[in-house]
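J.: For reference, this is model.csv, and it has CSV, C-alpha atoms.
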chain,number,residue,atom,x,y,z
A,30,MET,CA,7.1,-38.1,8.3
A,31,ALA,CA,9.9,-36.5,6.4
A,32,GLU,CA,12.4,-34.5,8.4
A,33,ARG,CA,11.6,-30.7,8.5
A,34,ASN,CA,14.1,-28.4,7.0
A,35,PRO,CA,16.0,-26.7,9.9
A,36,ASP,CA,16.0,-23.4,8.0
A,37,ILE,CA,12.3,-23.4,7.3
A,38,SER,CA,11.4,-21.1,10.2
A,39,ARG,CA,14.5,-18.9,10.1
A,40,PHE,CA,13.8,-15.2,9.5
A,41,ASN,CA,15.7,-14.1,6.4
A,42,LYS,CA,17.1,-10.7,7.6
A,43,LYS,CA,18.9,-9.9,4.3
A,44,ALA,CA,15.9,-10.6,2.2
A,45,ALA,CA,13.7,-8.5,4.5
A,46,PHE,CA,16.2,-5.6,4.1
A,47,PHE,CA,16.2,-5.8,0.3
A,48,VAL,CA,12.4,-6.2,0.1
A,49,ALA,CA,12.1,-3.1,2.3
A,50,LEU,CA,14.4,-1.3,-0.1
A,51,ALA,CA,12.2,-2.3,-3.0
A,52,MET,CA,9.2,-1.0,-1.2
A,53,PHE,CA,11.0,2.3,-0.3
A,54,ALA,CA,11.9,2.8,-3.9
A,55,GLN,CA,8.3,2.0,-5.1
A,56,GLU,CA,6.5,4.0,-2.5
A,57,SER,CA,8.8,7.0,-2.8
A,58,VAL,CA,6.9,8.0,-6.0
A,59,TRP,CA,3.5,7.0,-4.8
A,60,ASN,CA,3.7,8.9,-1.5
A,61,PHE,CA,4.9,12.1,-3.2
A,62,TYR,CA,2.3,11.6,-5.9
A,63,ASP,CA,-0.5,11.6,-3.2
A,64,ALA,CA,1.0,14.5,-1.4
A,65,GLN,CA,1.6,16.9,-4.3
A,66,VAL,CA,-0.5,16.0,-7.3
A,67,PRO,CA,-3.8,17.2,-5.6
A,68,ALA,CA,-2.2,20.7,-5.3
A,69,SER,CA,-1.3,20.6,-9.0
A,70,LEU,CA,-4.9,19.7,-9.9
A,71,ARG,CA,-6.2,22.6,-7.8
A,72,GLN,CA,-4.6,24.9,-10.4
A,73,TYR,CA,-7.2,23.7,-12.9
A,74,ILE,CA,-10.1,22.4,-10.8
A,75,GLY,CA,-12.0,24.0,-7.9
A,76,SER,CA,-14.1,21.1,-6.8
A,77,ALA,CA,-12.8,18.8,-4.0
A,78,ALA,CA,-15.0,16.0,-5.3
A,79,VAL,CA,-13.5,16.1,-8.8
A,80,ILE,CA,-9.9,16.3,-7.4
A,81,GLY,CA,-10.7,13.3,-5.2
A,82,LEU,CA,-12.1,11.4,-8.2
A,83,LEU,CA,-9.1,12.1,-10.3
A,84,MET,CA,-6.8,11.1,-7.5
A,85,GLY,CA,-8.7,7.9,-7.2
A,86,MET,CA,-8.9,7.2,-10.9
A,87,ASP,CA,-5.3,6.1,-11.0
A,88,ASN,CA,-6.2,3.3,-8.7
A,89,LEU,CA,-9.0,2.3,-11.1
A,90,LEU,CA,-6.2,1.1,-13.5
A,91,GLY,CA,-4.8,-1.0,-10.6
A,92,ILE,CA,-8.0,-2.9,-10.4
A,93,PHE,CA,-7.3,-4.5,-13.7
A,94,VAL,CA,-3.6,-4.2,-14.1
A,95,GLN,CA,-2.3,-5.5,-10.7
A,96,PRO,CA,-3.9,-9.0,-10.5
A,97,TRP,CA,-3.2,-9.6,-14.2
A,98,MET,CA,0.5,-8.7,-14.0
A,99,ALA,CA,0.9,-10.5,-10.6
A,100,HIS,CA,-0.6,-13.6,-12.2
A,101,LYS,CA,1.9,-13.3,-15.1
A,102,ALA,CA,4.7,-13.1,-12.5
A,103,ASP,CA,3.4,-16.2,-10.7
A,104,GLN,CA,3.4,-18.2,-13.9
A,105,HIS,CA,6.9,-17.0,-14.8
A,106,LYS,CA,8.2,-17.9,-11.3
A,107,ALA,CA,6.5,-21.4,-11.5
A,108,LYS,CA,8.5,-22.1,-14.6
A,109,GLY,CA,11.8,-21.5,-12.8
A,110,GLY,CA,12.1,-17.8,-13.3
A,111,ASN,CA,11.7,-14.8,-10.9
A,112,ARG,CA,9.8,-11.6,-10.6
A,113,PHE,CA,12.8,-9.2,-11.1
A,114,ARG,CA,12.5,-8.5,-14.8
A,115,PHE,CA,9.0,-7.1,-14.2
A,116,LEU,CA,10.5,-4.7,-11.6
A,117,LEU,CA,13.6,-3.7,-13.6
A,118,ILE,CA,11.6,-2.9,-16.7
A,119,GLY,CA,8.7,-1.2,-15.1
A,120,ALA,CA,10.6,1.1,-12.6
A,121,PRO,CA,12.5,3.2,-15.2
A,122,VAL,CA,9.5,3.7,-17.4
A,123,ALA,CA,7.3,4.8,-14.4
A,124,ALA,CA,10.1,7.1,-13.2
A,125,VAL,CA,10.2,9.0,-16.6
A,126,LEU,CA,6.4,9.4,-16.6
A,127,PHE,CA,6.4,10.6,-13.0
A,128,ALA,CA,9.1,13.2,-13.5
A,129,PHE,CA,7.1,14.6,-16.4
A,130,ILE,CA,4.1,15.6,-14.2
A,131,PRO,CA,5.3,19.0,-13.1
A,132,TRP,CA,6.3,19.8,-16.7
A,133,ALA,CA,2.7,19.7,-17.9
A,134,ILE,CA,1.5,23.1,-19.0
A,135,SER,CA,-2.1,22.2,-19.4
A,136,PHE,CA,-4.8,20.1,-17.7
A,137,GLU,CA,-4.7,17.6,-20.6
A,138,MET,CA,-1.0,17.1,-20.4
A,139,LEU,CA,-1.2,16.7,-16.6
A,140,LEU,CA,-3.9,14.1,-17.0
A,141,VAL,CA,-1.9,12.1,-19.6
A,142,ALA,CA,1.2,12.1,-17.3
A,143,MET,CA,-0.9,11.0,-14.4
A,144,VAL,CA,-2.6,8.1,-16.2
A,145,GLY,CA,0.6,7.0,-17.9
A,146,PHE,CA,2.5,6.8,-14.6
A,147,ALA,CA,-0.4,5.1,-12.8
A,148,PHE,CA,-0.7,2.4,-15.5
A,149,VAL,CA,3.0,1.5,-15.5
A,150,ALA,CA,3.5,1.8,-11.7
A,151,ASN,CA,0.5,-0.3,-11.0
A,152,GLY,CA,1.9,-3.0,-13.3
A,153,PHE,CA,4.7,-3.9,-10.9
A,154,LYS,CA,3.2,-2.7,-7.5
A,155,SER,CA,1.7,-6.1,-6.4
A,156,ILE,CA,4.8,-7.9,-7.7
A,157,ALA,CA,7.0,-6.0,-5.4
A,158,GLU,CA,4.5,-6.5,-2.5
A,159,SER,CA,4.6,-10.3,-2.9
A,160,LEU,CA,8.4,-10.5,-2.4
A,161,THR,CA,8.0,-10.8,1.3
A,162,ALA,CA,5.9,-14.0,0.8
A,163,ASP,CA,8.5,-15.3,-1.6
A,164,TYR,CA,11.4,-15.0,0.7
A,165,GLN,CA,9.9,-15.5,4.3
A,166,ALA,CA,8.4,-18.6,5.9
A,167,PRO,CA,4.7,-18.2,6.9
A,168,ASN,CA,5.5,-17.8,10.6
A,169,HIS,CA,7.7,-14.8,9.8
A,170,ARG,CA,5.6,-13.0,7.2
A,171,SER,CA,4.1,-10.5,9.6
A,172,LYS,CA,7.6,-9.6,10.8
A,173,GLY,CA,8.8,-9.5,7.2
A,174,ASN,CA,5.9,-7.3,6.1
A,175,ALA,CA,6.6,-5.0,9.1
A,176,VAL,CA,10.2,-4.5,7.9
A,177,ALA,CA,8.8,-3.8,4.4
A,178,ARG,CA,6.3,-1.3,5.8
A,179,ILE,CA,9.1,0.4,7.6
A,180,GLY,CA,10.6,1.0,4.1
A,181,VAL,CA,7.2,2.4,3.1
A,182,ALA,CA,7.1,4.6,6.3
A,183,LEU,CA,10.5,6.1,5.4
A,184,THR,CA,9.0,7.4,2.2
A,185,ILE,CA,6.6,9.5,4.3
A,186,LEU,CA,9.6,11.1,5.8
A,187,ALA,CA,11.4,11.5,2.5
A,188,SER,CA,8.2,12.9,0.9
A,189,ALA,CA,7.7,15.4,3.7
A,190,ALA,CA,11.4,16.4,3.6
A,191,ILE,CA,11.3,17.0,-0.2
A,192,SER,CA,8.0,19.0,0.2
A,193,TYR,CA,9.4,21.2,2.9
A,194,VAL,CA,12.9,21.8,1.4
A,195,VAL,CA,12.4,21.7,-2.4
A,196,VAL,CA,8.7,22.0,-3.5
A,197,ASP,CA,8.3,25.8,-2.8
A,198,LYS,CA,11.7,26.4,-4.5
A,199,ASP,CA,11.7,24.1,-7.6
A,200,LEU,CA,8.7,21.8,-8.2
A,201,ARG,CA,10.3,20.0,-11.1
A,202,LEU,CA,13.4,19.1,-9.1
A,203,ALA,CA,11.1,17.9,-6.3
A,204,PHE,CA,9.4,15.4,-8.6
A,205,PHE,CA,12.8,14.3,-10.1
A,206,ILE,CA,14.2,13.2,-6.8
A,207,PRO,CA,11.6,10.4,-6.1
A,208,ALA,CA,11.9,9.3,-9.7
A,209,VAL,CA,15.7,8.7,-9.2
A,210,LEU,CA,15.1,6.9,-5.9
A,211,LEU,CA,12.7,4.5,-7.7
A,212,VAL,CA,15.2,3.5,-10.3
A,213,ILE,CA,18.3,3.2,-8.1
A,214,GLY,CA,16.5,1.6,-5.2
A,215,MET,CA,14.7,-1.1,-7.3
A,216,TYR,CA,17.9,-2.1,-9.1
A,217,VAL,CA,19.9,-2.5,-5.8
A,218,ALA,CA,17.0,-4.4,-4.2
A,219,CYS,CA,16.7,-6.9,-7.1
A,220,LYS,CA,20.5,-7.3,-7.2
A,221,GLY,CA,20.5,-8.2,-3.5
A,222,LEU,CA,17.5,-10.5,-3.6
A,223,SER,CA,19.0,-12.4,-6.5
A,224,SER,CA,21.6,-13.9,-4.1
A,225,GLN,CA,18.9,-15.1,-1.6
A,226,ALA,CA,17.1,-18.4,-1.8
A,227,PRO,CA,13.3,-18.1,-2.1
A,228,HIS,CA,11.2,-19.9,0.4
A,229,GLY,CA,9.2,-23.1,-0.2
A,230,THR,CA,7.5,-23.6,-3.6
A,231,ALA,CA,9.4,-20.6,-4.9
A,232,GLN,CA,12.7,-22.5,-4.8
A,233,GLY,CA,12.2,-24.4,-8.1
A,234,ALA,CA,10.2,-24.8,-11.2
A,235,ASP,CA,6.6,-26.1,-10.7
A,236,GLU,CA,5.3,-28.2,-13.5
A,237,SER,CA,1.8,-28.7,-12.1
A,238,PRO,CA,-1.2,-27.4,-14.1
A,239,GLN,CA,-1.6,-23.6,-13.8
A,240,LEU,CA,-5.0,-22.2,-12.8
A,241,GLY,CA,-6.3,-19.1,-14.6
A,242,LEU,CA,-6.9,-15.8,-13.0
A,243,LYS,CA,-10.6,-16.1,-13.6
A,244,ALA,CA,-10.8,-19.5,-11.7
A,245,LEU,CA,-8.9,-18.1,-8.8
A,246,VAL,CA,-11.2,-15.1,-8.5
A,247,LEU,CA,-14.4,-17.1,-8.8
A,248,ASP,CA,-13.1,-19.4,-6.0
A,249,ILE,CA,-13.0,-16.5,-3.6
A,250,PHE,CA,-16.8,-15.9,-4.1
A,251,THR,CA,-17.9,-19.5,-4.4
A,252,SER,CA,-15.8,-21.2,-1.7
A,253,PRO,CA,-17.5,-22.2,1.6
A,254,ASP,CA,-14.6,-20.5,3.4
A,255,LYS,CA,-15.6,-16.8,3.3
A,256,ARG,CA,-12.5,-15.5,5.1
A,257,ARG,CA,-10.8,-14.4,1.9
A,258,LEU,CA,-13.9,-12.5,0.7
A,259,LEU,CA,-14.5,-10.9,4.1
A,260,LEU,CA,-10.8,-9.8,4.3
A,261,LEU,CA,-10.9,-8.3,0.9
A,262,LEU,CA,-14.0,-6.3,1.8
A,263,ALA,CA,-12.2,-5.0,4.9
A,264,VAL,CA,-9.2,-4.1,2.7
A,265,PHE,CA,-11.5,-2.1,0.4
A,266,GLY,CA,-12.8,0.0,3.3
A,267,ALA,CA,-9.6,0.5,5.3
A,268,ASN,CA,-7.3,1.3,2.4
A,269,GLY,CA,-9.9,3.5,0.8
A,270,THR,CA,-10.2,5.5,4.0
A,271,TRP,CA,-6.5,5.9,4.5
A,272,THR,CA,-6.0,7.0,0.9
A,273,ALA,CA,-8.9,9.5,1.2
A,274,ILE,CA,-7.2,11.0,4.3
A,275,ARG,CA,-3.8,11.1,2.7
A,276,SER,CA,-4.8,12.5,-0.7
A,277,GLN,CA,-6.9,15.3,0.7
A,278,LEU,CA,-4.8,16.3,3.7
A,279,THR,CA,-2.6,18.8,1.9
A,280,PRO,CA,-5.5,20.9,0.5
A,281,TYR,CA,-7.3,20.5,3.8
A,282,LEU,CA,-4.5,22.1,5.8
A,283,MET,CA,-4.0,24.8,3.2
A,284,GLU,CA,-7.7,25.7,3.5
A,285,VAL,CA,-8.4,25.2,7.2
A,286,LEU,CA,-5.0,26.3,8.8
A,287,ASP,CA,-3.9,28.5,5.9
A,288,LEU,CA,-0.6,26.7,5.5
A,289,SER,CA,1.7,27.0,2.4
A,290,ARG,CA,1.8,24.0,0.0
A,291,GLY,CA,5.2,23.0,1.1
A,292,THR,CA,4.5,23.2,4.9
A,293,ALA,CA,1.2,21.3,4.5
A,294,GLY,CA,2.9,18.6,2.5
A,295,SER,CA,5.5,18.2,5.2
A,296,ILE,CA,3.1,17.6,8.1
A,297,GLY,CA,3.7,13.9,7.8
A,298,PHE,CA,7.1,13.9,9.6
A,299,PRO,CA,5.7,12.7,13.0
A,300,ALA,CA,3.3,10.3,11.3
A,301,GLY,CA,6.3,8.6,9.5
A,302,ILE,CA,8.2,8.4,12.8
A,303,ALA,CA,5.1,6.9,14.6
A,304,PHE,CA,4.8,4.3,11.9
A,305,LEU,CA,8.4,3.3,12.2
A,306,VAL,CA,8.1,3.0,16.0
A,307,ALA,CA,4.9,1.0,15.8
A,308,ALA,CA,5.7,-1.4,12.9
A,309,ILE,CA,7.6,-4.2,14.7
A,310,PRO,CA,5.5,-4.1,17.9
A,311,VAL,CA,2.2,-4.4,16.2
A,312,ALA,CA,3.5,-7.3,14.1
A,313,ILE,CA,4.7,-9.1,17.3
A,314,ILE,CA,1.5,-8.5,19.1
A,315,ALA,CA,-0.5,-9.8,16.1
A,316,ASP,CA,1.7,-12.9,15.9
A,317,ARG,CA,1.0,-13.6,19.6
A,318,THR,CA,-2.7,-12.8,19.6
A,319,SER,CA,-4.8,-12.3,16.5
A,320,ARG,CA,-3.9,-10.5,13.3
A,321,ALA,CA,-7.5,-9.8,12.5
A,322,ALA,CA,-8.2,-8.3,16.0
A,323,VAL,CA,-5.2,-6.1,15.7
A,324,CYS,CA,-6.4,-4.9,12.3
A,325,MET,CA,-9.8,-4.0,13.7
A,326,LEU,CA,-8.4,-2.1,16.7
A,327,GLY,CA,-6.0,-0.3,14.3
A,328,MET,CA,-8.9,1.2,12.3
A,329,LEU,CA,-10.5,2.4,15.5
A,330,VAL,CA,-7.3,4.2,16.4
A,331,VAL,CA,-7.4,5.8,12.9
A,332,ALA,CA,-10.8,7.1,13.8
A,333,LEU,CA,-9.6,8.6,17.1
A,334,GLY,CA,-6.7,10.3,15.3
A,335,CYS,CA,-9.1,11.8,12.7
A,336,ILE,CA,-11.2,13.3,15.5
A,337,ALA,CA,-8.1,14.7,17.1
A,338,VAL,CA,-7.1,16.4,13.8
A,339,PHE,CA,-10.7,17.8,13.5
A,340,PHE,CA,-10.2,19.6,16.9
A,341,ALA,CA,-6.6,20.6,16.2
A,342,THR,CA,-5.9,24.3,15.8
A,343,SER,CA,-2.1,24.3,15.2
A,344,THR,CA,0.5,22.4,13.1
A,345,VAL,CA,1.9,20.8,16.3
A,346,GLN,CA,-1.6,19.4,17.2
A,347,VAL,CA,-2.2,18.2,13.7
A,348,SER,CA,1.2,16.5,13.6
A,349,MET,CA,0.5,14.7,16.9
A,350,ALA,CA,-2.9,13.6,15.8
A,351,MET,CA,-1.6,12.3,12.4
A,352,ALA,CA,1.0,10.3,14.3
A,353,LEU,CA,-1.9,8.6,16.1
A,354,VAL,CA,-3.6,7.9,12.7
A,355,ALA,CA,-0.3,6.4,11.5
A,356,VAL,CA,-0.1,4.0,14.4
A,357,GLY,CA,-3.6,2.8,13.7
A,358,TRP,CA,-2.9,2.4,10.0
A,359,ALA,CA,0.3,0.4,10.8
A,360,ALA,CA,-1.7,-2.1,12.8
A,361,PHE,CA,-3.9,-2.8,9.7
A,362,ALA,CA,-1.4,-2.4,6.9
A,363,ILE,CA,1.2,-4.7,8.4
A,364,ASN,CA,-1.1,-7.6,9.3
A,365,ALA,CA,-3.9,-7.6,6.8
A,366,ILE,CA,-1.9,-9.0,3.8
A,367,ALA,CA,-0.2,-11.5,6.1
A,368,ILE,CA,-3.6,-12.9,7.0
A,369,LEU,CA,-4.4,-13.3,3.3
A,370,TRP,CA,-1.1,-15.1,2.7
A,371,SER,CA,-1.8,-17.5,5.5
A,372,ILE,CA,-5.3,-18.5,4.3
A,373,VAL,CA,-4.8,-18.9,0.5
A,374,PRO,CA,-5.5,-22.5,-0.6
A,375,ASN,CA,-2.4,-22.7,-2.8
A,376,GLN,CA,0.8,-21.0,-1.9
A,377,LYS,CA,1.9,-21.2,-5.5
A,378,TYR,CA,-0.4,-18.2,-6.2
A,379,LEU,CA,0.9,-15.8,-3.6
A,380,GLY,CA,1.6,-13.1,-6.2
A,381,THR,CA,-1.9,-13.4,-7.6
A,382,TYR,CA,-3.6,-13.1,-4.2
A,383,THR,CA,-1.3,-10.2,-3.4
A,384,GLY,CA,-2.6,-8.6,-6.6
A,385,LEU,CA,-6.2,-9.3,-5.6
A,386,TYR,CA,-5.5,-7.8,-2.2
A,387,TRP,CA,-4.3,-4.6,-3.9
A,388,THR,CA,-7.2,-4.8,-6.3
A,389,ALA,CA,-9.6,-4.5,-3.4
A,390,ALA,CA,-7.5,-1.7,-2.0
A,391,ALA,CA,-7.5,0.0,-5.4
A,392,ILE,CA,-11.3,0.0,-5.6
A,393,GLY,CA,-11.4,1.6,-2.2
A,394,GLN,CA,-8.7,4.0,-3.1
A,395,THR,CA,-10.7,4.9,-6.3
A,396,LEU,CA,-14.0,5.5,-4.6
A,397,MET,CA,-13.2,6.9,-1.1
A,398,PRO,CA,-11.2,10.0,-2.0
A,399,ALA,CA,-14.1,11.1,-4.3
A,400,PHE,CA,-16.7,10.3,-1.7
A,401,LEU,CA,-14.8,12.2,1.0
A,402,GLY,CA,-14.4,15.1,-1.4
A,403,LEU,CA,-18.1,15.0,-2.1
A,404,LEU,CA,-18.8,15.2,1.6
A,405,VAL,CA,-16.5,18.3,1.8
A,406,ASP,CA,-18.4,19.9,-1.1
A,407,LEU,CA,-21.7,19.3,0.7
A,408,THR,CA,-20.4,20.7,4.0
A,409,ALA,CA,-17.0,22.4,4.2
A,410,TRP,CA,-13.3,21.7,4.4
A,411,ARG,CA,-13.5,22.2,8.1
A,412,TYR,CA,-15.4,18.9,8.6
A,413,MET,CA,-13.3,16.7,6.3
A,414,MET,CA,-11.5,14.8,9.2
A,415,LEU,CA,-14.8,14.3,11.0
A,416,HIS,CA,-16.2,12.6,7.9
A,417,ALA,CA,-13.0,10.5,7.7
A,418,ALA,CA,-13.4,9.4,11.3
A,419,VAL,CA,-16.9,8.0,10.4
A,420,LEU,CA,-15.5,6.1,7.4
A,421,SER,CA,-12.7,4.7,9.6
A,422,CYS,CA,-15.3,3.3,12.0
A,423,LEU,CA,-17.2,1.7,9.2
A,424,SER,CA,-14.0,0.1,8.1
A,425,ALA,CA,-13.5,-1.3,11.6
A,426,LEU,CA,-16.9,-2.9,11.4
A,427,LEU,CA,-15.9,-4.7,8.2
A,428,VAL,CA,-12.7,-6.0,10.0
A,429,LEU,CA,-14.9,-7.1,12.9
A,430,LYS,CA,-16.6,-9.6,10.5
A,431,VAL,CA,-13.1,-11.0,9.8
A,432,VAL,CA,-12.4,-11.3,13.5
A,433,ARG,CA,-15.6,-13.3,14.1
A,434,SER,CA,-14.8,-15.6,11.1
A,435,SER,CA,-11.1,-16.1,11.9
A,436,PRO,CA,-9.7,-19.4,13.2
A,437,SER,CA,-7.4,-19.7,16.2
A,438,ARG,CA,-3.9,-18.3,15.9
A,439,ARG,CA,-2.5,-21.8,15.3
A,440,GLN,CA,-4.9,-22.5,12.5
A,441,GLU,CA,-4.1,-19.3,10.8
A,442,GLN,CA,-0.6,-20.6,9.9
A,443,PRO,CA,-0.6,-22.8,6.7
A,444,GLU,CA,0.9,-26.2,7.0
A,445,GLU,CA,4.5,-26.6,5.9
A,446,ALA,CA,5.3,-29.1,3.1
A,447,ALA,CA,6.7,-32.3,4.5
For the file at hand, write its structure as structure tokens.
T.:
Amino acid sequence: MAERNPDISRFNKKAAFFVALAMFAQESVWNFYDAQVPASLRQYIGSAAVIGLLMGMDNLLGIFVQPWMAHKADQHKAKGGNRFRFLLIGAPVAAVLFAFIPWAISFEMLLVAMVGFAFVANGFKSIAESLTADYQAPNHRSKGNAVARIGVALTILASAAISYVVVDKDLRLAFFIPAVLLVIGMYVACKGLSSQAPHGTAQGADESPQLGLKALVLDIFTSPDKRRLLLLLAVFGANGTWTAIRSQLTPYLMEVLDLSRGTAGSIGFPAGIAFLVAAIPVAIIADRTSRAAVCMLGMLVVALGCIAVFFATSTVQVSMAMALVAVGWAAFAINAIAILWSIVPNQKYLGTYTGLYWTAAAIGQTLMPAFLGLLVDLTAWRYMMLHAAVLSCLSALLVLKVVRSSPSRRQEQPEEAA
């Protein structure tokens, strides 16, 4: 047997930092989008269901755009290139469209800005997400993704801070700040990663025949190994539930607790801190036990947090309950995609499978906010978090199927190339 590369299992700390920076830059705009655009829509629309549908429609674009662009990035990387040009072109265009949102003076203009931003930003979202798999060995991908998720969690704090300090004073400036963070952060991240050596098959050109996107998708449904399909179904439920909670939380707090738009949008401070604290521990626990089991337990914790928000009567209680929700979400978000990376049949298509992961997430993110809004319309805003708790439990049941179908922890790691 050929001698194993001594660096094969080394955790690349520099790459993890720069990937986290790229994720921070990318999610700065998405987090602020979810927190503040629903309130902009309320100026024109009174139905929570319609607001939820429009907030989910941007994810509908991701269903088609993300796997297609990720597959293009895989093909470009296999020919000896890298993914950076997709990020460096997409980020400035998305930033301009995002900054235009508060300048819209009609519903039609607002809708055009929303769709334009969502189309461009979805085009490079999965490409940025796949950077962890590019630069970390399989046995370190949960940890690498935990560091990347810390970058995402910091955007919750940044979004909450901008909402609290800037939104009620100057909405246009508030949207401009995340747009600038996107451009600068993505440039610095790509510059830093360009000096790091990619892991494994990403290290050189691959002249083997390329499989089409259609063939890769069909294989998920026709393969005797159903783990990938079960996991994507779980991703659909869990990501959809999280997005439904996040996208409707600001109007929920404005209606139920009579908070201002800025105060309601800033309620995520404790949740962001809780995510930061939980990120590395849940990755380590998952590596030592079962990633799938940790994901399932995480969604049950999300349900408990939603129930706590339902009974909360003050901003302090809501903040503490949302911190619990964030811990549960961390357990799922950090480990679910690492499971998929470990069970794909060909590591050459990590970007494509990352795109399919976010396609499943986008379908859930499209349907769940509208469904939760419909439940609110049928009952009242007061019961929104109780409905969300039920949806979280259903998501946990989907993950349970993955738990029962998962191999042992050792089998979950792909074999290294000799």
J.: Within 8 Å of Ile366 in chain A, counting only C-alpha atoms, which residues qualify if same-chain residues fewer than 3 places away don't, as a JSON list (two decimals) with C-alpha atoms, in the frame of the given file?
T.:
[["chain", "number", "residue", "atom", "x", "y", "z"],
["A", 362, "ALA", "CA", -1.40, -2.40, 6.90],
["A", 363, "ILE", "CA", 1.20, -4.70, 8.40],
["A", 369, "LEU", "CA", -4.40, -13.30, 3.30],
["A", 370, "TRP", "CA", -1.10, -15.10, 2.70],
["A", 383, "THR", "CA", -1.30, -10.20, -3.40],
["A", 386, "TYR", "CA", -5.50, -7.80, -2.20]]
J.: Out of A:Ala124, A:Leu260, A:Ala77, A:Leu222, which residue has the shortest atom-to-atom distance to Thr408 in chain A when counting all atoms listed in the file?
T.: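 Closest residue, counting all atoms listed in the file: A:Ala77.
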J.: In Å to one decimal, how far is CA of Gly145 in chain A from CA of Ala365 in chain A?
T.: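 Value for the CA of Ala365 in chain A-CA of Gly145 in chain A distance: 29.0 Å.
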J.: Calculated over all atoms listed in the file, which of the candidates A:Gly266, A:Ala54, A:Ile80, A:Pro227 has the smallest distance to Ala399 in chain A?
T.: A:Ile80
J.: Please determine, counting only C-alpha atoms, which residue among A:Leu407, A:Val195, A:Ala64, A:Ala391 has the shortest atom-to-atom distance to Ala267 in chain A.
T.: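 Once distances to Ala267 in chain A are computed over only C-alpha atoms, the minimum belongs to A:Ala391.
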J.: Which of these, A:Gly221, A:Pro131, A:Gly81, A:Gly334, has the shortest distance to Trp358 in chain A once you count only C-alpha atoms?
T.: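 Comparing A:Gly221, A:Pro131, A:Gly81, A:Gly334 against Trp358 in chain A, the winner is A:Gly334.
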J.: Would you mind writing range 43-47 of chain A with all heavy atoms, as a PDB file, in the coordinates of the input?
T.:
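Once written, out04.pdb looks like this:
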ATOM      1  N   LYS A  43      18.431 -10.588   5.528  1.00  0.00           N
ATOM      2  CA  LYS A  43      18.900  -9.900   4.300  1.00  0.00           C
ATOM      3  C   LYS A  43      17.796  -9.735   3.308  1.00  0.00           C
ATOM      4  O   LYS A  43      17.671  -8.661   2.711  1.00  0.00           O
ATOM      5  CB  LYS A  43      20.057 -10.753   3.700  1.00  0.00           C
ATOM      6  CG  LYS A  43      21.352 -10.738   4.501  1.00  0.00           C
ATOM      7  CD  LYS A  43      22.456 -11.492   3.771  1.00  0.00           C
ATOM      8  CE  LYS A  43      23.757 -11.451   4.560  1.00  0.00           C
ATOM      9  NZ  LYS A  43      24.844 -12.187   3.856  1.00  0.00           N
ATOM     10  N   ALA A  44      16.977 -10.774   3.142  1.00  0.00           N
ATOM     11  CA  ALA A  44      15.900 -10.600   2.200  1.00  0.00           C
ATOM     12  C   ALA A  44      14.887  -9.571   2.687  1.00  0.00           C
ATOM     13  O   ALA A  44      14.359  -8.790   1.877  1.00  0.00           O
ATOM     14  CB  ALA A  44      15.137 -11.988   2.063  1.00  0.00           C
ATOM     15  N   ALA A  45      14.635  -9.523   3.996  1.00  0.00           N
ATOM     16  CA  ALA A  45      13.700  -8.500   4.500  1.00  0.00           C
ATOM     17  C   ALA A  45      14.259  -7.109   4.253  1.00  0.00           C
ATOM     18  O   ALA A  45      13.482  -6.203   3.901  1.00  0.00           O
ATOM     19  CB  ALA A  45      13.568  -8.705   6.050  1.00  0.00           C
ATOM     20  N   PHE A  46      15.574  -6.911   4.369  1.00  0.00           N
ATOM     21  CA  PHE A  46      16.200  -5.600   4.100  1.00  0.00           C
ATOM     22  C   PHE A  46      15.980  -5.215   2.621  1.00  0.00           C
ATOM     23  O   PHE A  46      15.577  -4.085   2.308  1.00  0.00           O
ATOM     24  CB  PHE A  46      17.647  -5.599   4.448  1.00  0.00           C
ATOM     25  CG  PHE A  46      18.390  -4.383   3.943  1.00  0.00           C
ATOM     26  CD1 PHE A  46      18.284  -3.167   4.603  1.00  0.00           C
ATOM     27  CD2 PHE A  46      19.176  -4.458   2.796  1.00  0.00           C
ATOM     28  CE1 PHE A  46      18.955  -2.047   4.126  1.00  0.00           C
ATOM     29  CE2 PHE A  46      19.843  -3.342   2.323  1.00  0.00           C
ATOM     30  CZ  PHE A  46      19.734  -2.130   2.993  1.00  0.00           C
ATOM     31  N   PHE A  47      16.278  -6.142   1.712  1.00  0.00           N
ATOM     32  CA  PHE A  47      16.200  -5.800   0.300  1.00  0.00           C
ATOM     33  C   PHE A  47      14.735  -5.617  -0.159  1.00  0.00           C
ATOM     34  O   PHE A  47      14.460  -4.788  -1.031  1.00  0.00           O
ATOM     35  CB  PHE A  47      16.894  -6.872  -0.540  1.00  0.00           C
ATOM     36  CG  PHE A  47      18.394  -6.815  -0.453  1.00  0.00           C
ATOM     37  CD1 PHE A  47      19.115  -7.889   0.045  1.00  0.00           C
ATOM     38  CD2 PHE A  47      19.075  -5.686  -0.863  1.00  0.00           C
ATOM     39  CE1 PHE A  47      20.505  -7.837   0.129  1.00  0.00           C
ATOM     40  CE2 PHE A  47      20.470  -5.627  -0.785  1.00  0.00           C
ATOM     41  CZ  PHE A  47      21.178  -6.695  -0.281  1.00  0.00           C
TER      42      PHE A  47
END
